[in-house]
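Inspection log for the structure reproduced underneath, given as structure tokens.
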Amino acid sequence: MIDFHTHTPSWRTSSWLGGVSFGADEFVGFMDVAGIERAVVLSHDGLFDPSPSTNDDLAAFVAEFPDRLLGFGTVHPRLEGAPEEVARMMGPLGLRGLKLHPWLQGFSMHEASLDPICEVLAAEGGMLLSHDGTPPYSTAGQIAALARRHPTLPVVLGHGGLHDTWREALTLVSETENLYLCICGTPPYAAREILAKAPPHKVLFGTDAGLSDRVSQDYAVARVREIEGWGITPEQKQAMLVDNPRALLDGAR
Amino acid sequence: MIIDAHVRLGRGREVVLEPEALITSMDRLGIDKALVAPDERCIAVDDREGNDRVAAAAAASGGRLIPYAVANPWRGARAVDELRRARDAGARALCVDSVLQGFDLLDGLLDPLLEFARDAGWFVYVRTGTPPSALPLPLASLARRFPDVAFVMGRSGATDFWIDAAPALRYAGNLFGDTCYAPWDTVLAALAADPEIGASRLVFSTDSPYTVPEAELSRVTDWPITDTERAEVLGGVVGRLLG
Ligand SMILES: [Zn+2]
């Protein structure tokens with residue numbers, strides 16, 4: 001299976017999100033226990049300190065296991081040089097996409113400064129994964145509006161609307177050609193409904209691993225185990241865990 | 001004694017849970033008792049029908065199911081009358097969902113129902129989350145206005161308002177956190193380790209039928225805490241809230 005939403009430790013910034021630090025080898029050890037073959041690893045420090053060096057750190061982390069880990073870096077769209085940094089991420093650094101967390105980073109998806117960033121990202125064959133499910137800056141409707149401005153860029157809702165806006169996420173994924181949805185932190189009944197109603201090729205899964213107080217990432221292991229109780233079909237499970245993420249990642253470049 | 005502090009019985013928009021299925025699940029998981037609330041439609045509009053159905057399910061359960069009462073606070077004095085009727089039929093606590101019922105926790109509509117709960121010795125479950133759901137901190141302010149009533153912060157603000165769960169629990173000593181959806185190795189451990197909070201301010205719930213109940217129980221049984229703390233979370237605390 002492919003886990004489409006994990007995090008590096010926060011090496012340099014302290015926040016309420018922070019868990020215990022771990023190395024890439026320990027992270028792959030967790031993946032082996034959970035049965036995860038490949039993981040999309042999202043920038044963590046970069047959300048608080050969007051300097052190019054945080055993308056360097058992420059690139060070094062995933063480079064230890066290039067067959068297992070795919071890095072999504074970040075930039076702050078209002079900072080000068082952000083499009084150039086996206087080009088550097090996707091070129092020399094070998095990262096595979098851009099992670100944005102509009103409520104943590106503090107910007108709106110409607111800001112024009114995002115357009116040159118998305119143009120570079122699309123031209124480089126990358127994709128965007130955004131936090132979603134949290135007003136005021138991270139709703140599916142807002143993220144879909146950005147996706148419509150950049151129809152060749154695959155855009156992923158990182159959390160499937162979470163608990164309270166998942167119906168909005170499901171609606172927008174169905175309405176928006178280049179919008180995908182990662183079930184991550186979404187409650188089981190909503191996951192089941194999303195899998196039944198969304199375009200079948202658009203649903204992905206992520207554990208949000210990397211934030212635990214333990215190197216073993218216990219909540220992420222438990223979340224993978226929980227899928228057995230969701231009441232979904234073997235075909236839905238295969239599409240969500242294997243076929244859809246593989247097609248999206250392998251098709252993107 | 002394991003008590004599940006929150007389950008909804010009946011048919012919701014995307015979910016369904018009948019009493020027989022709940023009892024079967026409780027037997028399988030070793031859950032002794034469950035507090036049961038009516039389904040979404042009954043919480044929103046058909047409160048009398050919902051209260052009757054959970055009272056009937058409880059009466060047929062040999063003491064395994066304990067009914068919550070619901071009443072839409074927009075109904076004013078009639079809502080209080082309905083709570084009185086539900087209490088006489090066996091209800092032991094009040095269940096509130098401000099999204100389904102269409103009000104603001106701080107607009108005053110709920111106050112007569114909270115006064116009834118106080119006089120009846122009931123605790124009050126309030127569903128929280130991300131906007132548009134009620135948030136943990138306004139609930140803490142409401143709880144401080146009713147210091148003799150215990151409040152359970154349903155879902156503990158899951159997920160992005162977990163950040164507010166600890167400040168809310170510190171702000172109102174009569175507020176209790178809910179374990180459902182909260183990883184033990186991030187959220188629950190932080191709440192239990194907080195000197196102003198601790199495991200004795202947390203209650204276990206499965207939030208069935210929205211979840212995988214065994215996964216909700218596992219997050220408490222897998223959690224490395226003392227047996228005494230675990231007994232508190234799994235049933236001791238809510239047992240005391242029930243009086
Ligand atoms: Zn995340």
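Chain labels run A, B, ... following the order of the structure tokens; each chain numbers its residues from 1, and ligands are numbered from 1 in the order shown.
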Near B:Trp223, counting only C-alpha atoms, which residues have an atom at most 9 Å away, once you skip same-chain residues fewer than 6 positions from it, shown as JSON, numbers by chain? {"B": [184, 185, 188, 189, 230]}
Would you export the selected residues with N, CA, C and O atoms as an mmCIF file, in the first residue's frame, please?
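Generated output (result.cif):
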data_model
loop_
_atom_site.group_PDB
_atom_site.id
_atom_site.type_symbol
_atom_site.label_atom_id
_atom_site.label_comp_id
_atom_site.auth_asym_id
_atom_site.auth_seq_id
_atom_site.Cartn_x
_atom_site.Cartn_y
_atom_site.Cartn_z
ATOM 1 N N TRP B 184 -3.902 7.958 21.285
ATOM 2 C CA TRP B 184 -3.328 8.017 22.628
ATOM 3 C C TRP B 184 -1.911 8.560 22.591
ATOM 4 O O TRP B 184 -1.481 9.209 23.565
ATOM 5 N N ASP B 185 -1.200 8.308 21.480
ATOM 6 C CA ASP B 185 0.214 8.690 21.441
ATOM 7 C C ASP B 185 0.432 10.130 20.994
ATOM 8 O O ASP B 185 1.559 10.533 20.724
ATOM 9 N N LEU B 188 -4.294 12.067 23.690
ATOM 10 C CA LEU B 188 -4.694 11.585 25.019
ATOM 11 C C LEU B 188 -3.534 11.642 26.001
ATOM 12 O O LEU B 188 -3.712 12.010 27.176
ATOM 13 N N ALA B 189 -2.339 11.270 25.539
ATOM 14 C CA ALA B 189 -1.182 11.295 26.445
ATOM 15 C C ALA B 189 -0.921 12.712 26.946
ATOM 16 O O ALA B 189 -0.593 12.917 28.121
ATOM 17 N N ARG B 230 -6.662 3.554 33.645
ATOM 18 C CA ARG B 230 -7.470 2.966 32.570
ATOM 19 C C ARG B 230 -8.894 2.698 33.058
ATOM 20 O O ARG B 230 -9.872 2.940 32.346
#
Throw together the list of residues within 7 Å of ligand 1, counting only C-alpha atoms and all ligand atoms, and drop it here as a list of chain:residue names. A:His5, A:Thr6, A:His7, A:Asp208
File dump, residues just selected, all heavy atoms, as a PDB file, in the first residue's frame:
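Ended up saving to again.pdb:
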ATOM      1  N   HIS A   5       0.036  10.500   3.013  1.00  0.00           N
ATOM      2  CA  HIS A   5       0.087  11.671   3.905  1.00  0.00           C
ATOM      3  C   HIS A   5       0.878  11.315   5.164  1.00  0.00           C
ATOM      4  O   HIS A   5       0.339  10.767   6.118  1.00  0.00           O
ATOM      5  CB  HIS A   5      -1.337  12.100   4.265  1.00  0.00           C
ATOM      6  CG  HIS A   5      -1.425  13.405   4.996  1.00  0.00           C
ATOM      7  ND1 HIS A   5      -2.380  14.353   4.730  1.00  0.00           N
ATOM      8  CD2 HIS A   5      -0.683  13.933   6.006  1.00  0.00           C
ATOM      9  CE1 HIS A   5      -2.227  15.387   5.521  1.00  0.00           C
ATOM     10  NE2 HIS A   5      -1.207  15.160   6.320  1.00  0.00           N
ATOM     11  N   THR A   6       2.172  11.602   5.154  1.00  0.00           N
ATOM     12  CA  THR A   6       3.001  11.433   6.362  1.00  0.00           C
ATOM     13  C   THR A   6       3.886  12.661   6.513  1.00  0.00           C
ATOM     14  O   THR A   6       3.965  13.500   5.614  1.00  0.00           O
ATOM     15  CB  THR A   6       3.892  10.174   6.291  1.00  0.00           C
ATOM     16  OG1 THR A   6       4.992  10.421   5.399  1.00  0.00           O
ATOM     17  CG2 THR A   6       3.118   8.937   5.824  1.00  0.00           C
ATOM     18  N   HIS A   7       4.552  12.755   7.651  1.00  0.00           N
ATOM     19  CA  HIS A   7       5.373  13.932   7.952  1.00  0.00           C
ATOM     20  C   HIS A   7       6.760  13.540   8.426  1.00  0.00           C
ATOM     21  O   HIS A   7       6.915  12.519   9.098  1.00  0.00           O
ATOM     22  CB  HIS A   7       4.729  14.752   9.076  1.00  0.00           C
ATOM     23  CG  HIS A   7       3.384  15.290   8.717  1.00  0.00           C
ATOM     24  ND1 HIS A   7       3.202  16.493   8.077  1.00  0.00           N
ATOM     25  CD2 HIS A   7       2.144  14.784   8.888  1.00  0.00           C
ATOM     26  CE1 HIS A   7       1.919  16.701   7.880  1.00  0.00           C
ATOM     27  NE2 HIS A   7       1.245  15.674   8.362  1.00  0.00           N
ATOM     28  N   ASP A 208      -1.188  10.235   8.260  1.00  0.00           N
ATOM     29  CA  ASP A 208      -0.694  11.401   9.022  1.00  0.00           C
ATOM     30  C   ASP A 208       0.449  11.000   9.961  1.00  0.00           C
ATOM     31  O   ASP A 208       0.727  11.698  10.939  1.00  0.00           O
ATOM     32  CB  ASP A 208      -1.814  12.082   9.817  1.00  0.00           C
ATOM     33  CG  ASP A 208      -1.778  13.605   9.692  1.00  0.00           C
ATOM     34  OD1 ASP A 208      -0.784  14.149   9.175  1.00  0.00           O
ATOM     35  OD2 ASP A 208      -2.750  14.248  10.119  1.00  0.00           O
TER      36      ASP A 208
END
Could you please select, counting only C-alpha atoms, the residues of chain A within 8 Å of chain B and state them as JSON, numbers by chain? {"A": [16, 19, 134, 135, 162, 163, 164, 185, 187, 188, 189, 190, 193, 211, 212, 213, 214, 217, 218, 219, 222, 226, 229, 230]}
Work out how far atom CA of A:Val40 is from atom CA of A:Phe4, in Å to one decimal.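 About the pair atom CA of A:Phe4 and atom CA of A:Val40: they are 4.8 Å apart.
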If you count only C-alpha atoms, which residues fall within 8 Å of B:Phe123, apart from same-chain ones fewer than 3 positions away, as a tab-separated table (two decimals) with N, CA and C atoms, in the first residue's frame?
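Below is the file around.tsv, written as the result:
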chain	number	residue	atom	x	y	z
B	92	ARG	N	-31.05	9.58	31.83
B	92	ARG	CA	-30.10	9.85	32.91
B	92	ARG	C	-29.14	10.99	32.59
B	93	ALA	N	-29.18	11.55	31.38
B	93	ALA	CA	-28.27	12.63	31.01
B	93	ALA	C	-28.84	13.34	29.79
B	94	LEU	N	-28.30	14.54	29.51
B	94	LEU	CA	-28.77	15.34	28.37
B	94	LEU	C	-27.74	15.29	27.25
B	117	ALA	N	-31.21	20.07	33.73
B	117	ALA	CA	-30.17	19.04	33.94
B	117	ALA	C	-29.55	19.19	35.33
B	118	ARG	N	-29.29	20.42	35.71
B	118	ARG	CA	-28.71	20.67	37.05
B	118	ARG	C	-29.65	20.13	38.14
B	149	VAL	N	-23.04	21.54	37.03
B	149	VAL	CA	-23.35	20.55	35.99
B	149	VAL	C	-22.03	20.06	35.39
B	150	ALA	N	-21.90	18.75	35.20
B	150	ALA	CA	-20.73	18.21	34.50
B	150	ALA	C	-21.03	18.17	33.01
B	151	PHE	N	-20.05	18.56	32.21
B	151	PHE	CA	-20.20	18.56	30.75
B	151	PHE	C	-19.16	17.63	30.13
B	152	VAL	N	-19.58	16.85	29.15
B	152	VAL	CA	-18.63	16.04	28.38
B	152	VAL	C	-18.45	16.70	27.02
B	241	LEU	N	-20.19	10.44	37.01
B	241	LEU	CA	-21.03	11.50	36.41
B	241	LEU	C	-22.50	11.09	36.40
B	242	LEU	N	-22.72	9.79	36.27
B	242	LEU	CA	-24.11	9.30	36.27
B	242	LEU	C	-24.70	9.32	37.68
Quick one: distance from atom CA of A:Arg192 to atom CA of A:Gly231 in Å, one decimal? 6.9 Å
Which parts of stretch 93-240 of chain B does DSSP call alpha helix (DSSP H) when run on the backbone here, written out as a PyMOL selection string? chain B and resi 98-101+111-120+136-145+165-171+189-193+213-221+227-231+237-240
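The residues of stretch 58-170 of chain B that DSSP assigns to strand (DSSP E or B) on this backbone come out as Leu65, Ile66, Pro67, Tyr68, Ala69, Ala93, Leu94, Cys95, Val96, Phe123, Val124, Tyr125, Val126, Arg127, Thr128, Ala134, Phe151, Val152, Met153 and Gly154 of chain B.
The list of residues with at least one atom within 6 Å of B:Pro38, based on only C-alpha atoms and without residues fewer than 3 positions apart in the same chain, reads Arg8, Leu9, Cys42 and Gly50 of chain B.
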Rounded to one decimal, what separation in Å do you get between atom CA of A:Arg96 and atom CA of A:Met127? 7.2 Å
Please provide as number ranges by chain all residues within 7 Å of B:Gly154, with the sequence filter that same-chain residues fewer than 6 positions apart are discarded (counting only C-alpha atoms). B: 125-128, 178
Who sits within 12 Å of A:Gly29, only C-alpha atoms, same chain under 3 positions skipped, as a PDB file with all heavy atoms, in the first residue's frame:
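Final output, around_6.pdb:
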ATOM      1  N   PHE A  22      12.804  11.247  14.680  1.00  0.00           N
ATOM      2  CA  PHE A  22      13.167   9.900  14.213  1.00  0.00           C
ATOM      3  C   PHE A  22      13.971  10.043  12.938  1.00  0.00           C
ATOM      4  O   PHE A  22      13.881  11.063  12.242  1.00  0.00           O
ATOM      5  CB  PHE A  22      11.903   9.051  13.969  1.00  0.00           C
ATOM      6  CG  PHE A  22      10.861   9.731  13.125  1.00  0.00           C
ATOM      7  CD1 PHE A  22      10.924   9.713  11.745  1.00  0.00           C
ATOM      8  CD2 PHE A  22       9.816  10.441  13.732  1.00  0.00           C
ATOM      9  CE1 PHE A  22       9.967  10.363  10.969  1.00  0.00           C
ATOM     10  CE2 PHE A  22       8.862  11.096  12.967  1.00  0.00           C
ATOM     11  CZ  PHE A  22       8.936  11.056  11.585  1.00  0.00           C
ATOM     12  N   GLY A  23      14.735   9.006  12.633  1.00  0.00           N
ATOM     13  CA  GLY A  23      15.501   8.983  11.396  1.00  0.00           C
ATOM     14  C   GLY A  23      14.722   8.293  10.297  1.00  0.00           C
ATOM     15  O   GLY A  23      13.714   7.622  10.549  1.00  0.00           O
ATOM     16  N   ALA A  24      15.213   8.447   9.050  1.00  0.00           N
ATOM     17  CA  ALA A  24      14.536   7.807   7.914  1.00  0.00           C
ATOM     18  C   ALA A  24      14.502   6.298   8.086  1.00  0.00           C
ATOM     19  O   ALA A  24      13.506   5.643   7.737  1.00  0.00           O
ATOM     20  CB  ALA A  24      15.232   8.192   6.612  1.00  0.00           C
ATOM     21  N   ASP A  25      15.568   5.717   8.659  1.00  0.00           N
ATOM     22  CA  ASP A  25      15.579   4.260   8.854  1.00  0.00           C
ATOM     23  C   ASP A  25      14.488   3.842   9.841  1.00  0.00           C
ATOM     24  O   ASP A  25      13.811   2.836   9.642  1.00  0.00           O
ATOM     25  CB  ASP A  25      16.956   3.792   9.320  1.00  0.00           C
ATOM     26  CG  ASP A  25      17.480   4.586  10.513  1.00  0.00           C
ATOM     27  OD1 ASP A  25      16.975   5.710  10.765  1.00  0.00           O
ATOM     28  OD2 ASP A  25      18.382   4.090  11.201  1.00  0.00           O
ATOM     29  N   GLU A  26      14.314   4.639  10.901  1.00  0.00           N
ATOM     30  CA  GLU A  26      13.253   4.315  11.863  1.00  0.00           C
ATOM     31  C   GLU A  26      11.868   4.483  11.230  1.00  0.00           C
ATOM     32  O   GLU A  26      10.940   3.724  11.522  1.00  0.00           O
ATOM     33  CB  GLU A  26      13.377   5.210  13.096  1.00  0.00           C
ATOM     34  CG  GLU A  26      14.601   4.882  13.921  1.00  0.00           C
ATOM     35  CD  GLU A  26      14.884   5.925  14.995  1.00  0.00           C
ATOM     36  OE1 GLU A  26      14.887   7.141  14.675  1.00  0.00           O
ATOM     37  OE2 GLU A  26      15.112   5.527  16.140  1.00  0.00           O
ATOM     38  N   ASP A  32       7.336  -0.688   7.563  1.00  0.00           N
ATOM     39  CA  ASP A  32       7.365  -2.146   7.430  1.00  0.00           C
ATOM     40  C   ASP A  32       6.354  -2.790   8.385  1.00  0.00           C
ATOM     41  O   ASP A  32       5.640  -3.720   8.014  1.00  0.00           O
ATOM     42  CB  ASP A  32       8.774  -2.676   7.712  1.00  0.00           C
ATOM     43  CG  ASP A  32       9.748  -2.319   6.595  1.00  0.00           C
ATOM     44  OD1 ASP A  32       9.288  -1.999   5.480  1.00  0.00           O
ATOM     45  OD2 ASP A  32      10.969  -2.340   6.848  1.00  0.00           O
ATOM     46  N   VAL A  33       6.295  -2.292   9.617  1.00  0.00           N
ATOM     47  CA  VAL A  33       5.343  -2.842  10.597  1.00  0.00           C
ATOM     48  C   VAL A  33       3.910  -2.623  10.125  1.00  0.00           C
ATOM     49  O   VAL A  33       3.056  -3.501  10.238  1.00  0.00           O
ATOM     50  CB  VAL A  33       5.568  -2.182  11.982  1.00  0.00           C
ATOM     51  CG1 VAL A  33       4.424  -2.524  12.940  1.00  0.00           C
ATOM     52  CG2 VAL A  33       6.908  -2.619  12.564  1.00  0.00           C
ATOM     53  N   ALA A  34       3.642  -1.429   9.573  1.00  0.00           N
ATOM     54  CA  ALA A  34       2.277  -1.093   9.161  1.00  0.00           C
ATOM     55  C   ALA A  34       1.910  -1.697   7.805  1.00  0.00           C
ATOM     56  O   ALA A  34       0.742  -1.669   7.422  1.00  0.00           O
ATOM     57  CB  ALA A  34       2.119   0.427   9.111  1.00  0.00           C
ATOM     58  N   GLY A  35       2.889  -2.211   7.074  1.00  0.00           N
ATOM     59  CA  GLY A  35       2.614  -2.759   5.746  1.00  0.00           C
ATOM     60  C   GLY A  35       2.560  -1.700   4.656  1.00  0.00           C
ATOM     61  O   GLY A  35       1.857  -1.854   3.665  1.00  0.00           O
ATOM     62  N   ILE A  36       3.299  -0.611   4.857  1.00  0.00           N
ATOM     63  CA  ILE A  36       3.300   0.487   3.885  1.00  0.00           C
ATOM     64  C   ILE A  36       4.547   0.375   3.013  1.00  0.00           C
ATOM     65  O   ILE A  36       5.663   0.377   3.514  1.00  0.00           O
ATOM     66  CB  ILE A  36       3.284   1.851   4.624  1.00  0.00           C
ATOM     67  CG1 ILE A  36       2.004   1.990   5.444  1.00  0.00           C
ATOM     68  CG2 ILE A  36       3.429   3.005   3.631  1.00  0.00           C
ATOM     69  CD1 ILE A  36       2.067   3.110   6.483  1.00  0.00           C
ATOM     70  N   GLU A  37       4.312   0.273   1.704  1.00  0.00           N
ATOM     71  CA  GLU A  37       5.427   0.097   0.775  1.00  0.00           C
ATOM     72  C   GLU A  37       6.094   1.438   0.458  1.00  0.00           C
ATOM     73  O   GLU A  37       7.317   1.573   0.518  1.00  0.00           O
ATOM     74  CB  GLU A  37       4.864  -0.541  -0.492  1.00  0.00           C
ATOM     75  CG  GLU A  37       5.861  -0.940  -1.525  1.00  0.00           C
ATOM     76  CD  GLU A  37       5.148  -1.379  -2.816  1.00  0.00           C
ATOM     77  OE1 GLU A  37       3.952  -1.744  -2.761  1.00  0.00           O
ATOM     78  OE2 GLU A  37       5.785  -1.316  -3.870  1.00  0.00           O
ATOM     79  N   ARG A  38       5.273   2.430   0.122  1.00  0.00           N
ATOM     80  CA  ARG A  38       5.808   3.771  -0.188  1.00  0.00           C
ATOM     81  C   ARG A  38       4.998   4.823   0.561  1.00  0.00           C
ATOM     82  O   ARG A  38       3.794   4.643   0.792  1.00  0.00           O
ATOM     83  CB  ARG A  38       5.701   4.063  -1.689  1.00  0.00           C
ATOM     84  CG  ARG A  38       6.717   3.294  -2.522  1.00  0.00           C
ATOM     85  CD  ARG A  38       6.849   3.906  -3.913  1.00  0.00           C
ATOM     86  NE  ARG A  38       5.711   3.570  -4.776  1.00  0.00           N
ATOM     87  CZ  ARG A  38       5.490   4.174  -5.964  1.00  0.00           C
ATOM     88  NH1 ARG A  38       6.304   5.124  -6.402  1.00  0.00           N
ATOM     89  NH2 ARG A  38       4.450   3.829  -6.693  1.00  0.00           N
ATOM     90  N   PHE A  65      15.992   6.661   1.332  1.00  0.00           N
ATOM     91  CA  PHE A  65      15.221   5.500   0.843  1.00  0.00           C
ATOM     92  C   PHE A  65      14.421   5.924  -0.387  1.00  0.00           C
ATOM     93  O   PHE A  65      13.193   6.039  -0.335  1.00  0.00           O
ATOM     94  CB  PHE A  65      14.277   4.975   1.934  1.00  0.00           C
ATOM     95  CG  PHE A  65      14.993   4.372   3.112  1.00  0.00           C
ATOM     96  CD1 PHE A  65      15.341   5.170   4.200  1.00  0.00           C
ATOM     97  CD2 PHE A  65      15.340   3.021   3.121  1.00  0.00           C
ATOM     98  CE1 PHE A  65      16.029   4.622   5.282  1.00  0.00           C
ATOM     99  CE2 PHE A  65      16.024   2.474   4.208  1.00  0.00           C
ATOM    100  CZ  PHE A  65      16.368   3.274   5.294  1.00  0.00           C
ATOM    101  N   ARG A  68      11.262   4.148  -1.312  1.00  0.00           N
ATOM    102  CA  ARG A  68      10.187   4.059  -0.331  1.00  0.00           C
ATOM    103  C   ARG A  68       9.541   5.411  -0.015  1.00  0.00           C
ATOM    104  O   ARG A  68       8.372   5.465   0.365  1.00  0.00           O
ATOM    105  CB  ARG A  68      10.704   3.465   0.994  1.00  0.00           C
ATOM    106  CG  ARG A  68      11.471   2.147   0.881  1.00  0.00           C
ATOM    107  CD  ARG A  68      10.567   0.965   0.600  1.00  0.00           C
ATOM    108  NE  ARG A  68       9.522   0.760   1.575  1.00  0.00           N
ATOM    109  CZ  ARG A  68       9.651   0.053   2.710  1.00  0.00           C
ATOM    110  NH1 ARG A  68      10.802  -0.520   3.013  1.00  0.00           N
ATOM    111  NH2 ARG A  68       8.630  -0.106   3.528  1.00  0.00           N
ATOM    112  N   VAL A 215       8.432   6.701  18.233  1.00  0.00           N
ATOM    113  CA  VAL A 215       9.030   6.406  16.933  1.00  0.00           C
ATOM    114  C   VAL A 215       8.177   5.382  16.176  1.00  0.00           C
ATOM    115  O   VAL A 215       8.091   5.399  14.953  1.00  0.00           O
ATOM    116  CB  VAL A 215      10.476   5.891  17.145  1.00  0.00           C
ATOM    117  CG1 VAL A 215      11.057   5.344  15.858  1.00  0.00           C
ATOM    118  CG2 VAL A 215      11.358   7.022  17.689  1.00  0.00           C
ATOM    119  N   SER A 216       7.513   4.504  16.926  1.00  0.00           N
ATOM    120  CA  SER A 216       6.706   3.448  16.312  1.00  0.00           C
ATOM    121  C   SER A 216       5.408   3.963  15.684  1.00  0.00           C
ATOM    122  O   SER A 216       4.699   3.201  15.025  1.00  0.00           O
ATOM    123  CB  SER A 216       6.390   2.373  17.354  1.00  0.00           C
ATOM    124  OG  SER A 216       6.002   2.962  18.585  1.00  0.00           O
ATOM    125  N   GLN A 217       5.081   5.246  15.868  1.00  0.00           N
ATOM    126  CA  GLN A 217       3.911   5.861  15.208  1.00  0.00           C
ATOM    127  C   GLN A 217       2.658   5.017  15.428  1.00  0.00           C
ATOM    128  O   GLN A 217       1.942   4.645  14.485  1.00  0.00           O
ATOM    129  CB  GLN A 217       4.180   6.042  13.699  1.00  0.00           C
ATOM    130  CG  GLN A 217       5.449   6.810  13.379  1.00  0.00           C
ATOM    131  CD  GLN A 217       5.415   8.259  13.872  1.00  0.00           C
ATOM    132  OE1 GLN A 217       4.361   8.884  13.918  1.00  0.00           O
ATOM    133  NE2 GLN A 217       6.566   8.803  14.257  1.00  0.00           N
ATOM    134  N   VAL A 221      -0.221   3.009  12.789  1.00  0.00           N
ATOM    135  CA  VAL A 221      -0.365   1.556  12.667  1.00  0.00           C
ATOM    136  C   VAL A 221      -1.817   1.165  12.972  1.00  0.00           C
ATOM    137  O   VAL A 221      -2.426   0.366  12.260  1.00  0.00           O
ATOM    138  CB  VAL A 221       0.617   0.830  13.614  1.00  0.00           C
ATOM    139  CG1 VAL A 221       0.412  -0.685  13.549  1.00  0.00           C
ATOM    140  CG2 VAL A 221       2.064   1.199  13.270  1.00  0.00           C
TER     141      VAL A 221
END
I want to know what sits within 12 Å of A:Asp49, based on only C-alpha atoms, with residues of the same chain fewer than 3 positions away left out; could you give that as a list in words?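 Residues near the query, excluding close chain neighbours: Ser10, Trp11, Arg12, Thr13, Ser14, Ser15, Ser43, His44, Asp45, Gly46, Pro52, Ser53, Thr54, Asn55, Gly73, Thr74, Val75, His76, Leu79, Leu104 and Gln105 of chain A.
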Please write the residues from the selection above to a file, keeping N, CA, C and O atoms, as a compact mmCIF listing (two decimals), in the first residue's frame.
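Now in out04.txt:
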# COMPACT_ATOMS: atom_id res chain seq x y z
N SER A 10 9.65 17.52 13.20
CA SER A 10 10.04 18.94 13.15
C SER A 10 11.41 19.02 13.80
O SER A 10 11.54 18.84 15.00
N TRP A 11 12.44 19.22 12.95
CA TRP A 11 13.81 19.22 13.47
C TRP A 11 14.19 20.55 14.09
O TRP A 11 14.99 20.62 14.99
N ARG A 12 13.62 21.62 13.55
CA ARG A 12 14.11 22.94 13.93
C ARG A 12 13.07 23.84 14.57
O ARG A 12 13.41 24.89 15.10
N THR A 13 11.81 23.48 14.44
CA THR A 13 10.78 24.36 14.98
C THR A 13 10.03 23.61 16.06
O THR A 13 9.89 22.39 15.99
N SER A 14 9.57 24.32 17.06
CA SER A 14 8.76 23.66 18.07
C SER A 14 7.33 24.11 17.87
O SER A 14 7.06 25.26 17.58
N SER A 15 6.40 23.17 17.96
CA SER A 15 4.99 23.53 17.80
C SER A 15 4.17 22.50 18.54
O SER A 15 4.66 21.45 18.93
N SER A 43 6.62 18.14 4.07
CA SER A 43 7.42 19.09 4.82
C SER A 43 6.76 19.38 6.18
O SER A 43 5.55 19.45 6.29
N HIS A 44 7.55 19.53 7.22
CA HIS A 44 7.01 19.85 8.53
C HIS A 44 7.57 21.20 9.00
O HIS A 44 6.83 22.17 9.14
N ASP A 45 8.90 21.27 9.19
CA ASP A 45 9.50 22.56 9.57
C ASP A 45 9.13 23.67 8.58
O ASP A 45 8.94 24.82 8.97
N GLY A 46 9.05 23.31 7.31
CA GLY A 46 8.80 24.29 6.27
C GLY A 46 7.48 25.02 6.42
O GLY A 46 7.31 26.14 5.93
N PRO A 52 14.37 27.82 2.03
CA PRO A 52 14.80 26.70 1.17
C PRO A 52 15.53 25.61 1.94
O PRO A 52 15.46 24.44 1.58
N SER A 53 16.22 25.96 3.02
CA SER A 53 16.97 24.93 3.73
C SER A 53 16.06 23.85 4.32
O SER A 53 16.50 22.71 4.50
N THR A 54 14.80 24.19 4.62
CA THR A 54 13.91 23.12 5.13
C THR A 54 13.58 22.13 4.01
O THR A 54 13.38 20.95 4.28
N ASN A 55 13.54 22.60 2.76
CA ASN A 55 13.35 21.67 1.65
C ASN A 55 14.60 20.80 1.46
O ASN A 55 14.49 19.62 1.10
N GLY A 73 7.79 19.21 -0.74
CA GLY A 73 8.33 20.38 -0.02
C GLY A 73 7.28 21.48 0.11
O GLY A 73 6.11 21.31 -0.24
N THR A 74 7.73 22.62 0.61
CA THR A 74 6.78 23.73 0.72
C THR A 74 7.49 25.06 0.48
O THR A 74 8.72 25.16 0.51
N VAL A 75 6.67 26.08 0.20
CA VAL A 75 7.13 27.46 0.09
C VAL A 75 6.04 28.31 0.73
O VAL A 75 4.92 27.83 0.95
N HIS A 76 6.36 29.56 1.03
CA HIS A 76 5.29 30.49 1.40
C HIS A 76 4.99 31.34 0.17
O HIS A 76 5.88 32.00 -0.35
N LEU A 79 6.24 34.98 -0.32
CA LEU A 79 7.66 35.33 -0.27
C LEU A 79 8.25 35.38 -1.68
O LEU A 79 7.92 34.55 -2.54
N LEU A 104 -2.26 26.99 8.70
CA LEU A 104 -1.04 27.11 9.50
C LEU A 104 -0.10 28.17 8.92
O LEU A 104 0.54 28.92 9.66
N GLN A 105 -0.02 28.21 7.58
CA GLN A 105 0.91 29.14 6.96
C GLN A 105 0.31 30.54 6.81
O GLN A 105 1.05 31.51 6.63
